[in-house]
$ cat final06.csv   # CSV, C-alpha atoms (C1' of nucleotides)
chain,number,residue,atom,x,y,z
A,1,MET,CA,97.3,95.4,95.3
A,2,SER,CA,96.4,92.6,93.0
A,3,ASP,CA,99.5,91.7,90.9
A,4,THR,CA,101.0,88.3,91.2
A,5,GLN,CA,103.9,89.2,89.2
A,6,ARG,CA,106.7,87.0,88.1
A,7,ARG,CA,108.9,86.2,91.1
A,8,ARG,CA,112.5,85.3,91.2
A,9,HIS,CA,113.9,82.5,93.2
A,10,THR,CA,116.0,84.1,95.9
A,11,ARG,CA,117.7,82.8,99.0
A,12,TYR,CA,115.9,85.1,101.4
A,13,ARG,CA,112.4,84.4,100.1
A,14,GLN,CA,113.2,80.7,100.3
A,15,GLN,CA,114.3,81.1,103.9
A,16,VAL,CA,111.2,83.0,104.9
A,17,ARG,CA,109.1,80.4,103.3
A,18,GLU,CA,110.9,77.5,105.0
A,19,LEU,CA,110.8,79.2,108.4
A,20,LEU,CA,107.0,79.5,108.2
A,21,SER,CA,106.7,75.9,106.8
A,22,GLY,CA,108.5,74.6,109.8
A,23,SER,CA,106.2,76.3,112.3
A,24,GLU,CA,102.6,75.8,113.3
A,25,GLU,CA,102.5,79.1,115.0
A,26,PHE,CA,101.5,82.5,113.7
A,27,LEU,CA,104.6,84.7,113.7
A,28,SER,CA,104.9,88.4,113.4
A,29,ALA,CA,107.2,89.9,110.7
A,30,GLN,CA,109.5,91.1,113.5
A,31,THR,CA,109.7,87.6,114.9
A,32,VAL,CA,110.5,86.1,111.6
A,33,HIS,CA,113.2,88.7,111.1
A,34,THR,CA,114.7,88.0,114.5
A,35,MET,CA,114.6,84.2,114.0
A,36,LEU,CA,116.3,84.4,110.6
A,37,ARG,CA,119.0,86.7,111.9
A,38,SER,CA,119.6,84.4,114.9
A,39,GLN,CA,120.2,81.7,112.3
A,40,GLY,CA,123.0,83.8,111.0
A,41,LEU,CA,121.1,85.1,108.0
A,42,PRO,CA,121.9,88.8,107.4
A,43,ILE,CA,118.4,89.6,106.1
A,44,GLY,CA,116.8,93.0,106.5
A,45,LEU,CA,113.5,93.7,108.1
A,46,THR,CA,112.2,95.4,105.0
A,47,THR,CA,112.9,92.3,103.0
A,48,VAL,CA,111.1,90.2,105.5
A,49,TYR,CA,108.1,92.4,105.2
A,50,ARG,CA,108.2,92.4,101.4
A,51,ASN,CA,108.5,88.6,101.2
A,52,LEU,CA,105.7,88.0,103.7
A,53,GLN,CA,103.6,90.2,101.6
A,54,ALA,CA,104.5,88.4,98.4
A,55,LEU,CA,103.9,85.0,99.9
A,56,THR,CA,100.6,86.1,101.3
A,57,LYS,CA,99.6,87.4,97.9
A,58,ASP,CA,100.6,84.2,96.2
A,59,GLY,CA,98.6,82.3,98.7
A,60,THR,CA,101.5,80.5,100.3
A,61,VAL,CA,100.8,82.0,103.8
A,62,ASP,CA,97.8,83.3,105.7
A,63,ALA,CA,97.9,86.7,107.4
A,64,LEU,CA,95.9,87.7,110.4
A,65,ARG,CA,95.8,90.6,112.8
A,66,THR,CA,96.3,90.4,116.6
A,67,SER,CA,94.1,92.5,118.8
A,68,THR,CA,96.8,95.1,119.0
A,69,GLY,CA,96.8,95.5,115.2
A,70,GLU,CA,100.0,93.6,114.6
A,71,GLN,CA,100.1,91.4,111.6
A,72,ILE,CA,100.9,87.7,112.0
A,73,PHE,CA,101.6,85.0,109.4
A,74,ARG,CA,101.5,81.3,109.2
A,75,HIS,CA,101.9,78.8,106.4
A,76,CYS,CA,98.6,77.9,104.8
A,77,SER,CA,97.2,74.8,106.4
A,78,PRO,CA,95.0,72.4,104.6
A,79,VAL,CA,92.7,72.3,107.6
A,80,GLN,CA,91.3,75.6,108.7
A,81,HIS,CA,91.7,76.0,112.4
A,82,HIS,CA,91.0,78.9,114.7
A,83,HIS,CA,92.2,80.3,118.0
A,84,LEU,CA,91.2,80.5,121.6
A,85,MET,CA,93.4,82.8,123.4
A,86,CYS,CA,93.8,84.2,126.9
A,87,ARG,CA,93.7,88.0,127.0
A,88,HIS,CA,96.0,88.1,130.0
A,89,CYS,CA,98.8,85.7,129.3
A,90,SER,CA,98.3,85.3,125.5
A,91,ARG,CA,98.2,81.5,125.9
A,92,ALA,CA,96.6,80.1,122.8
A,93,VAL,CA,94.8,76.9,122.0
A,94,GLU,CA,94.2,75.8,118.4
A,95,VAL,CA,90.7,74.5,117.7
A,96,THR,CA,88.9,73.3,114.7
A,97,GLY,CA,85.2,73.6,113.9
A,98,PRO,CA,84.2,71.7,110.8
A,99,ALA,CA,80.6,72.7,111.3
A,100,LEU,CA,81.5,76.2,111.7
A,101,ASP,CA,83.6,76.2,108.6
A,102,GLN,CA,80.6,74.8,106.6
A,103,TRP,CA,78.3,77.4,108.1
A,104,ALA,CA,80.6,80.2,107.1
A,105,THR,CA,81.0,78.9,103.6
A,106,ALA,CA,77.4,78.3,103.1
A,107,LEU,CA,76.4,81.6,104.5
A,108,ALA,CA,78.8,83.5,102.3
A,109,GLU,CA,77.6,81.7,99.2
A,110,VAL,CA,74.0,82.5,100.0
A,111,HIS,CA,75.0,86.2,100.0
A,112,GLY,CA,76.7,85.9,96.7
A,113,PHE,CA,80.2,85.9,98.0
A,114,THR,CA,82.9,83.8,96.5
A,115,ASP,CA,86.6,83.1,97.2
A,116,ILE,CA,85.7,82.8,100.9
A,117,ASN,CA,88.1,82.9,103.8
A,118,HIS,CA,87.1,83.2,107.4
A,119,SER,CA,88.6,83.4,110.8
A,120,VAL,CA,87.3,83.0,114.3
A,121,GLU,CA,89.0,84.4,117.3
A,122,ILE,CA,87.8,83.6,120.8
A,123,PHE,CA,89.2,85.6,123.7
A,124,GLY,CA,88.8,84.9,127.3
A,125,THR,CA,90.5,84.5,130.6
A,126,CYS,CA,92.3,81.2,131.0
A,127,GLY,CA,92.1,79.1,134.2
A,128,SER,CA,95.5,80.1,135.6
A,129,CYS,CA,95.0,83.8,135.0
A,130,ALA,CA,91.5,83.6,136.6
A,131,ASP,CA,93.1,82.0,139.7
A,132,THR,CA,95.8,84.6,140.0
A,133,ASP,CA,92.9,86.9,140.7
A,134,HIS,CA,94.0,89.2,137.9
A,135,GLN,CA,92.3,92.5,137.8
A,136,ILE,CA,90.4,92.4,134.6
B,1,MET,CA,95.3,98.5,131.5
B,2,SER,CA,92.6,97.2,133.8
B,3,ASP,CA,91.1,100.0,135.8
B,4,THR,CA,87.5,101.0,135.4
B,5,GLN,CA,88.1,104.1,137.3
B,6,ARG,CA,85.5,106.7,138.3
B,7,ARG,CA,84.3,108.6,135.3
B,8,ARG,CA,83.0,112.1,135.1
B,9,HIS,CA,80.0,113.0,133.2
B,10,THR,CA,81.2,115.2,130.4
B,11,ARG,CA,79.7,116.7,127.3
B,12,TYR,CA,82.2,115.1,124.9
B,13,ARG,CA,82.0,111.6,126.3
B,14,GLN,CA,78.2,111.9,126.1
B,15,GLN,CA,78.4,112.9,122.5
B,16,VAL,CA,80.7,110.1,121.5
B,17,ARG,CA,78.4,107.6,123.2
B,18,GLU,CA,75.3,109.1,121.6
B,19,LEU,CA,76.9,109.0,118.1
B,20,LEU,CA,77.7,105.3,118.5
B,21,SER,CA,74.3,104.6,119.9
B,22,GLY,CA,72.7,106.1,116.9
B,23,SER,CA,74.6,103.9,114.4
B,24,GLU,CA,74.6,100.3,113.6
B,25,GLU,CA,77.9,100.6,111.7
B,26,PHE,CA,81.4,100.1,113.0
B,27,LEU,CA,83.1,103.4,112.9
B,28,SER,CA,86.8,104.3,113.2
B,29,ALA,CA,88.0,106.8,115.7
B,30,GLN,CA,88.9,109.2,112.8
B,31,THR,CA,85.4,108.9,111.4
B,32,VAL,CA,83.8,109.5,114.8
B,33,HIS,CA,86.0,112.6,115.2
B,34,THR,CA,85.0,113.9,111.7
B,35,MET,CA,81.3,113.3,112.3
B,36,LEU,CA,81.3,115.1,115.6
B,37,ARG,CA,83.3,118.0,114.2
B,38,SER,CA,80.9,118.3,111.3
B,39,GLN,CA,78.1,118.6,114.0
B,40,GLY,CA,79.9,121.7,115.2
B,41,LEU,CA,81.5,120.0,118.2
B,42,PRO,CA,85.1,121.3,118.7
B,43,ILE,CA,86.3,118.0,120.1
B,44,GLY,CA,89.9,116.9,119.7
B,45,LEU,CA,91.0,113.7,118.1
B,46,THR,CA,92.8,112.7,121.2
B,47,THR,CA,89.7,113.0,123.3
B,48,VAL,CA,87.8,110.8,120.8
B,49,TYR,CA,90.4,108.2,121.2
B,50,ARG,CA,90.5,108.4,125.0
B,51,ASN,CA,86.7,108.2,125.2
B,52,LEU,CA,86.4,105.3,122.8
B,53,GLN,CA,88.9,103.6,124.9
B,54,ALA,CA,87.0,104.3,128.1
B,55,LEU,CA,83.7,103.2,126.6
B,56,THR,CA,85.3,100.0,125.4
B,57,LYS,CA,86.7,99.3,128.8
B,58,ASP,CA,83.4,100.0,130.5
B,59,GLY,CA,81.7,97.6,128.1
B,60,THR,CA,79.6,100.2,126.4
B,61,VAL,CA,81.1,99.7,123.0
B,62,ASP,CA,82.8,96.8,121.1
B,63,ALA,CA,86.1,97.3,119.4
B,64,LEU,CA,87.3,95.4,116.3
B,65,ARG,CA,90.2,95.6,113.9
B,66,THR,CA,89.9,95.9,110.2
B,67,SER,CA,92.2,93.9,107.9
B,68,THR,CA,94.4,97.0,107.7
B,69,GLY,CA,94.8,97.1,111.4
B,70,GLU,CA,92.6,100.0,112.0
B,71,GLN,CA,90.4,99.9,115.1
B,72,ILE,CA,86.6,100.3,114.6
B,73,PHE,CA,83.9,100.7,117.2
B,74,ARG,CA,80.2,100.1,117.6
B,75,HIS,CA,77.8,100.2,120.4
B,76,CYS,CA,77.4,96.9,122.1
B,77,SER,CA,74.4,95.0,120.8
B,78,PRO,CA,72.5,92.6,122.9
B,79,VAL,CA,72.7,90.0,120.2
B,80,GLN,CA,76.2,89.0,119.1
B,81,HIS,CA,76.5,89.2,115.3
B,82,HIS,CA,79.4,88.9,113.0
B,83,HIS,CA,80.5,90.2,109.7
B,84,LEU,CA,80.8,89.0,106.1
B,85,MET,CA,82.7,91.5,104.1
B,86,CYS,CA,83.9,92.0,100.6
B,87,ARG,CA,87.7,92.3,100.4
B,88,HIS,CA,87.4,94.6,97.3
B,89,CYS,CA,84.6,97.1,98.0
B,90,SER,CA,84.4,96.6,101.8
B,91,ARG,CA,80.7,96.0,101.6
B,92,ALA,CA,79.6,94.3,104.8
B,93,VAL,CA,76.7,92.1,105.7
B,94,GLU,CA,75.8,91.5,109.3
B,95,VAL,CA,75.1,87.9,110.2
B,96,THR,CA,74.2,86.0,113.3
B,97,GLY,CA,75.1,82.5,114.3
B,98,PRO,CA,73.4,81.4,117.5
B,99,ALA,CA,74.8,77.9,117.0
B,100,LEU,CA,78.2,79.3,116.4
B,101,ASP,CA,78.0,81.4,119.5
B,102,GLN,CA,77.1,78.4,121.6
B,103,TRP,CA,79.9,76.4,120.1
B,104,ALA,CA,82.4,79.1,120.9
B,105,THR,CA,81.2,79.5,124.5
B,106,ALA,CA,81.1,75.8,125.2
B,107,LEU,CA,84.5,75.3,123.6
B,108,ALA,CA,86.1,78.0,125.7
B,109,GLU,CA,84.6,76.7,128.9
B,110,VAL,CA,85.8,73.2,128.2
B,111,HIS,CA,89.3,74.6,128.0
B,112,GLY,CA,88.9,76.4,131.3
B,113,PHE,CA,88.4,79.9,129.9
B,114,THR,CA,85.9,82.4,131.3
B,115,ASP,CA,84.8,85.9,130.5
B,116,ILE,CA,84.5,84.8,126.9
B,117,ASN,CA,84.2,87.0,123.9
B,118,HIS,CA,84.5,86.0,120.3
B,119,SER,CA,84.4,87.4,116.8
B,120,VAL,CA,84.0,85.8,113.4
B,121,GLU,CA,85.0,87.6,110.3
B,122,ILE,CA,84.3,86.1,106.9
B,123,PHE,CA,86.0,87.7,103.9
B,124,GLY,CA,85.2,87.0,100.3
B,125,THR,CA,84.4,88.6,96.9
B,126,CYS,CA,80.9,89.9,96.6
B,127,GLY,CA,78.8,89.4,93.5
B,128,SER,CA,79.2,92.8,92.0
B,129,CYS,CA,83.0,92.8,92.4
B,130,ALA,CA,83.2,89.3,90.9
B,131,ASP,CA,81.2,90.5,87.9
B,132,THR,CA,83.4,93.6,87.5
B,133,ASP,CA,86.1,91.0,86.7
B,134,HIS,CA,88.4,92.5,89.3
B,135,GLN,CA,91.9,91.3,89.2
B,136,ILE,CA,92.2,89.4,92.5
C,1,DA,C1',90.2,121.9,146.3
C,2,DT,C1',91.2,117.7,143.7
C,3,DA,C1',91.3,114.2,140.5
C,4,DG,C1',89.5,113.3,136.0
C,5,DA,C1',89.1,115.5,131.2
C,6,DT,C1',90.9,117.9,127.3
C,7,DG,C1',94.1,119.7,123.5
C,8,DC,C1',98.3,120.2,121.3
C,9,DA,C1',102.5,118.6,120.0
C,10,DA,C1',105.8,115.1,120.3
C,11,DA,C1',106.5,110.2,120.7
C,12,DC,C1',105.6,105.6,119.1
C,13,DG,C1',105.4,101.1,116.8
C,14,DA,C1',104.3,98.7,112.9
C,15,DT,C1',104.5,98.9,108.1
C,16,DT,C1',105.7,101.1,103.6
C,17,DT,C1',108.3,103.6,100.3
C,18,DG,C1',112.2,106.2,97.7
C,19,DC,C1',116.4,105.3,95.9
C,20,DA,C1',120.7,103.4,94.7
C,21,DG,C1',123.2,99.3,94.4
C,22,DT,C1',122.9,93.9,93.6
C,23,DC,C1',121.6,89.7,91.6
C,24,DT,C1',118.6,86.3,88.9
C,25,DG,C1',116.8,84.5,84.7
D,1,DC,C1',120.9,93.1,80.2
D,2,DA,C1',116.2,94.1,82.1
D,3,DG,C1',113.7,93.7,85.7
D,4,DA,C1',113.4,91.7,90.4
D,5,DC,C1',115.3,91.9,94.9
D,6,DT,C1',117.7,94.1,98.8
D,7,DG,C1',119.0,97.4,102.5
D,8,DC,C1',118.9,101.8,104.6
D,9,DA,C1',116.9,105.8,105.8
D,10,DA,C1',113.1,108.5,105.7
D,11,DA,C1',108.2,108.8,105.4
D,12,DT,C1',103.4,107.1,106.7
D,13,DC,C1',99.6,106.1,109.5
D,14,DG,C1',96.9,105.1,113.3
D,15,DT,C1',97.3,105.5,118.0
D,16,DT,C1',99.4,106.9,122.5
D,17,DT,C1',101.6,109.9,125.8
D,18,DG,C1',103.6,114.2,128.3
D,19,DC,C1',102.2,118.2,130.1
D,20,DA,C1',99.9,122.4,131.2
D,21,DT,C1',95.3,123.8,131.5
D,22,DC,C1',90.3,123.3,132.4
D,23,DT,C1',86.3,121.6,134.9
D,24,DA,C1',83.0,118.4,137.1
D,25,DT,C1',82.1,117.0,141.7
$ encode --input "final06.csv" --output "structure tokens"
Amino acid sequence: MSDTQRRRHTRYRQQVRELLSGSEEFLSAQTVHTMLRSQGLPIGLTTVYRNLQALTKDGTVDALRTSTGEQIFRHCSPVQHHHLMCRHCSRAVEVTGPALDQWATALAEVHGFTDINHSVEIFGTCGSCADTDHQI
Amino acid sequence: MSDTQRRRHTRYRQQVRELLSGSEEFLSAQTVHTMLRSQGLPIGLTTVYRNLQALTKDGTVDALRTSTGEQIFRHCSPVQHHHLMCRHCSRAVEVTGPALDQWATALAEVHGFTDINHSVEIFGTCGSCADTDHQI
DNA sequence: ATAGATGCAAACGATTTGCAGTCTG
DNA sequence: CAGACTGCAAATCGTTTGCATCTAT
């Protein structure tokens, strides 16, 4: 749960890393697996999971949880940004909040916390879905 | 997925609601189940899940996900507050951020979103865990 | 009566692990 | 060569569902 052991340089880990580097989206392990397979890479789902885990542990990628409990990953971005997503169509808008980030950091420090990391998820009904008169 | 159907007034749902009303903590379904059983209530785990789901749908309780993907519930509080938690010992501090809440609401509206709901989770290493020289 | 509520067992979906074979440093 | 890495199948774990049985209204 805490070892950042020596890693070998393998083709698959490299591919997983590259795929994430080339996307600004948060992707699920299953999606990463499907994408790599469709690129003709015969990688196994287990390997994808293990590599995403390793990359997360090494701080190469960030991991998050969707509201359904599914894990999603994205390459670490220098700028922290958050998400505004529609609970009906899952449309997502990336937003940043410098003030918010500072607040979170300061707040955590005041409470004696270090090595801070935070995430903000805003859920709502987007315009088109509201129009469609979706039942909640 | 969207029906707030007519609910009957039953002993079990009442107990689940009361248990949550009496706690400021976020509790998992399993915990709620265990607590009710230890009170001598012969309720089934399935029923706990179904009631927590119903209460969440009716807006009586709020549901969240832990970093392990587990769902946790708490009675809705009039004031929105967020969490600062230690990634090692899971110690949590409740914090409020009026400015943040306004920012989130305004931001969502600007993007045409309605029926907004947001959550902020801040993770870090708390003082005691940092002292203990925990391996990351 | 009649539709919602409940319990149990089986089903599920995402993630993890055991194990044997493979490959990197 | 030793220790990482990989794949497959089986195991977990939290949560959901099918179904027959109760029970509130």
$ closest_atom_pairs --input "final06.csv" --of "chain D" --to "chain A" --cutoff "9 Å" --atoms "all atoms listed in the file" --output "Markdown table"
| residue | atom | partner | partner_atom | distance |
| --- | --- | --- | --- | --- |
| D:DA4 | C1' | A:Arg8 | CA | 6.5 |
| D:DC5 | C1' | A:Thr10 | CA | 7.9 |
| D:DT6 | C1' | A:Thr47 | CA | 6.6 |
| D:DG7 | C1' | A:Gly44 | CA | 6.3 |
$ interface_residues --input "final06.csv" --of "chain C" --to "chain A" --cutoff "8 Å" --atoms "all atoms listed in the file" --output "short mmCIF file (atom, residue, chain, number, x, y, z; two decimals) with C-alpha atoms (C1' of nucleotides), keeping the file's coordinate frame"
data_model
loop_
_atom_site.label_atom_id
_atom_site.label_comp_id
_atom_site.auth_asym_id
_atom_site.auth_seq_id
_atom_site.Cartn_x
_atom_site.Cartn_y
_atom_site.Cartn_z
"C1'" DA C 14 104.30 98.70 112.90
"C1'" DT C 15 104.50 98.90 108.10
"C1'" DT C 24 118.60 86.30 88.90
"C1'" DG C 25 116.80 84.50 84.70
#
$ interface_residues --input "final06.csv" --of "chain A" --to "chain B" --cutoff "6 Å" --atoms "all atoms listed in the file" --output "ChimeraX atom specification"
/A:2,69,112-127,136
$ atom_distance --input "final06.csv" --atom1 "atom CA of A:Ser23" --atom2 "atom CA of A:Asp58"
18.8 Å
$ atom_distance --input "final06.csv" --atom1 "atom CA of B:Arg37" --atom2 "atom CA of B:Leu19"
11.7 Å
$ closest_residue --input "final06.csv" --among "C:DA10, C:DC23, C:DA3, C:DT16" --to "D:DG3" --atoms "all atoms listed in the file"
C:DC23
$ atom_distance --input "final06.csv" --atom1 "atom CA of A:Leu20" --atom2 "atom CA of A:Val48"
11.8 Å
$ residues_around --input "final06.csv" --residues "B:His75" --least-positions-apart "4" --cutoff "12 Å" --atoms "only C-alpha atoms (C1' of nucleotides)" --output "list of chain:residue names"
B:Val16, B:Arg17, B:Glu18, B:Leu19, B:Leu20, B:Ser21, B:Gly22, B:Ser23, B:Glu24, B:Glu25, B:Phe26, B:Leu27, B:Leu52, B:Leu55, B:Thr56, B:Asp58, B:Gly59, B:Thr60, B:Val61, B:Asp62, B:Ala63, B:Leu64, B:Val79, B:Gln80
$ write_last_selection --input "final06.csv" --atoms "C-alpha atoms" --output "mmCIF file, in the frame of the given file"
data_model
loop_
_atom_site.group_PDB
_atom_site.id
_atom_site.type_symbol
_atom_site.label_atom_id
_atom_site.label_comp_id
_atom_site.auth_asym_id
_atom_site.auth_seq_id
_atom_site.Cartn_x
_atom_site.Cartn_y
_atom_site.Cartn_z
ATOM 1 C CA VAL B 16 80.700 110.100 121.500
ATOM 2 C CA ARG B 17 78.400 107.600 123.200
ATOM 3 C CA GLU B 18 75.300 109.100 121.600
ATOM 4 C CA LEU B 19 76.900 109.000 118.100
ATOM 5 C CA LEU B 20 77.700 105.300 118.500
ATOM 6 C CA SER B 21 74.300 104.600 119.900
ATOM 7 C CA GLY B 22 72.700 106.100 116.900
ATOM 8 C CA SER B 23 74.600 103.900 114.400
ATOM 9 C CA GLU B 24 74.600 100.300 113.600
ATOM 10 C CA GLU B 25 77.900 100.600 111.700
ATOM 11 C CA PHE B 26 81.400 100.100 113.000
ATOM 12 C CA LEU B 27 83.100 103.400 112.900
ATOM 13 C CA LEU B 52 86.400 105.300 122.800
ATOM 14 C CA LEU B 55 83.700 103.200 126.600
ATOM 15 C CA THR B 56 85.300 100.000 125.400
ATOM 16 C CA ASP B 58 83.400 100.000 130.500
ATOM 17 C CA GLY B 59 81.700 97.600 128.100
ATOM 18 C CA THR B 60 79.600 100.200 126.400
ATOM 19 C CA VAL B 61 81.100 99.700 123.000
ATOM 20 C CA ASP B 62 82.800 96.800 121.100
ATOM 21 C CA ALA B 63 86.100 97.300 119.400
ATOM 22 C CA LEU B 64 87.300 95.400 116.300
ATOM 23 C CA VAL B 79 72.700 90.000 120.200
ATOM 24 C CA GLN B 80 76.200 89.000 119.100
#
$ residues_near_point --input "final06.csv" --point "(103.9, 113.4, 127.8)" --cutoff "10 Å" --atoms "all atoms listed in the file" --output "PyMOL selection string"
(chain C and resi 9-11) or (chain D and resi 16-19)
$ residues_near_point --input "final06.csv" --point "(88.8, 119.5, 134.0)" --cutoff "6 Å" --atoms "all atoms listed in the file" --output "number ranges by chain"
C: 5; D: 22-23
$ build_atoms --input "final06.csv" --residues "stretch 103-111 of chain A" --atoms "all heavy atoms" --output "short mmCIF file (atom, residue, chain, number, x, y, z; two decimals), in the coordinates of the input"
data_model
loop_
_atom_site.label_atom_id
_atom_site.label_comp_id
_atom_site.auth_asym_id
_atom_site.auth_seq_id
_atom_site.Cartn_x
_atom_site.Cartn_y
_atom_site.Cartn_z
N TRP A 103 79.32 76.30 107.91
CA TRP A 103 78.30 77.40 108.10
C TRP A 103 78.82 78.63 107.42
O TRP A 103 78.09 79.27 106.66
CB TRP A 103 78.15 77.61 109.61
CG TRP A 103 77.37 78.83 109.94
CD1 TRP A 103 76.01 78.97 109.86
CD2 TRP A 103 77.90 80.10 110.36
NE1 TRP A 103 75.66 80.26 110.23
CE2 TRP A 103 76.80 80.96 110.54
CE3 TRP A 103 79.18 80.58 110.63
CZ2 TRP A 103 76.94 82.28 110.95
CZ3 TRP A 103 79.33 81.89 111.05
CH2 TRP A 103 78.22 82.73 111.20
N ALA A 104 80.06 78.98 107.69
CA ALA A 104 80.60 80.20 107.10
C ALA A 104 80.61 80.17 105.59
O ALA A 104 80.24 81.15 104.94
CB ALA A 104 82.05 80.39 107.63
N THR A 105 81.01 79.05 105.06
CA THR A 105 81.00 78.90 103.60
C THR A 105 79.66 79.01 102.99
O THR A 105 79.44 79.75 102.02
CB THR A 105 81.65 77.55 103.23
OG1 THR A 105 82.95 77.46 103.82
CG2 THR A 105 81.80 77.43 101.73
N ALA A 106 78.71 78.27 103.57
CA ALA A 106 77.40 78.30 103.10
C ALA A 106 76.75 79.69 103.15
O ALA A 106 76.17 80.21 102.19
CB ALA A 106 76.49 77.30 103.85
N LEU A 107 76.95 80.29 104.29
CA LEU A 107 76.40 81.60 104.50
C LEU A 107 76.92 82.62 103.49
O LEU A 107 76.16 83.38 102.90
CB LEU A 107 76.82 82.08 105.92
CG LEU A 107 76.38 83.49 106.29
CD1 LEU A 107 74.87 83.49 106.50
CD2 LEU A 107 77.08 83.93 107.57
N ALA A 108 78.21 82.58 103.27
CA ALA A 108 78.80 83.50 102.30
C ALA A 108 78.26 83.28 100.92
O ALA A 108 77.95 84.23 100.20
CB ALA A 108 80.33 83.33 102.33
N GLU A 109 78.11 82.03 100.56
CA GLU A 109 77.60 81.70 99.20
C GLU A 109 76.17 82.23 99.04
O GLU A 109 75.80 82.75 98.00
CB GLU A 109 77.67 80.23 98.94
CG GLU A 109 79.09 79.84 98.54
CD GLU A 109 79.29 78.33 98.46
OE1 GLU A 109 78.35 77.59 98.79
OE2 GLU A 109 80.39 77.92 98.09
N VAL A 110 75.39 82.07 100.09
CA VAL A 110 74.00 82.50 100.00
C VAL A 110 73.98 84.03 99.74
O VAL A 110 73.10 84.53 99.05
CB VAL A 110 73.30 82.27 101.39
CG1 VAL A 110 72.01 83.04 101.46
CG2 VAL A 110 73.05 80.79 101.54
N HIS A 111 74.96 84.73 100.27
CA HIS A 111 75.00 86.20 100.00
C HIS A 111 75.72 86.55 98.77
O HIS A 111 76.04 87.72 98.55
CB HIS A 111 75.65 86.86 101.24
CG HIS A 111 74.77 86.90 102.46
ND1 HIS A 111 73.80 87.86 102.64
CD2 HIS A 111 74.67 86.08 103.53
CE1 HIS A 111 73.16 87.64 103.78
NE2 HIS A 111 73.67 86.55 104.34
#
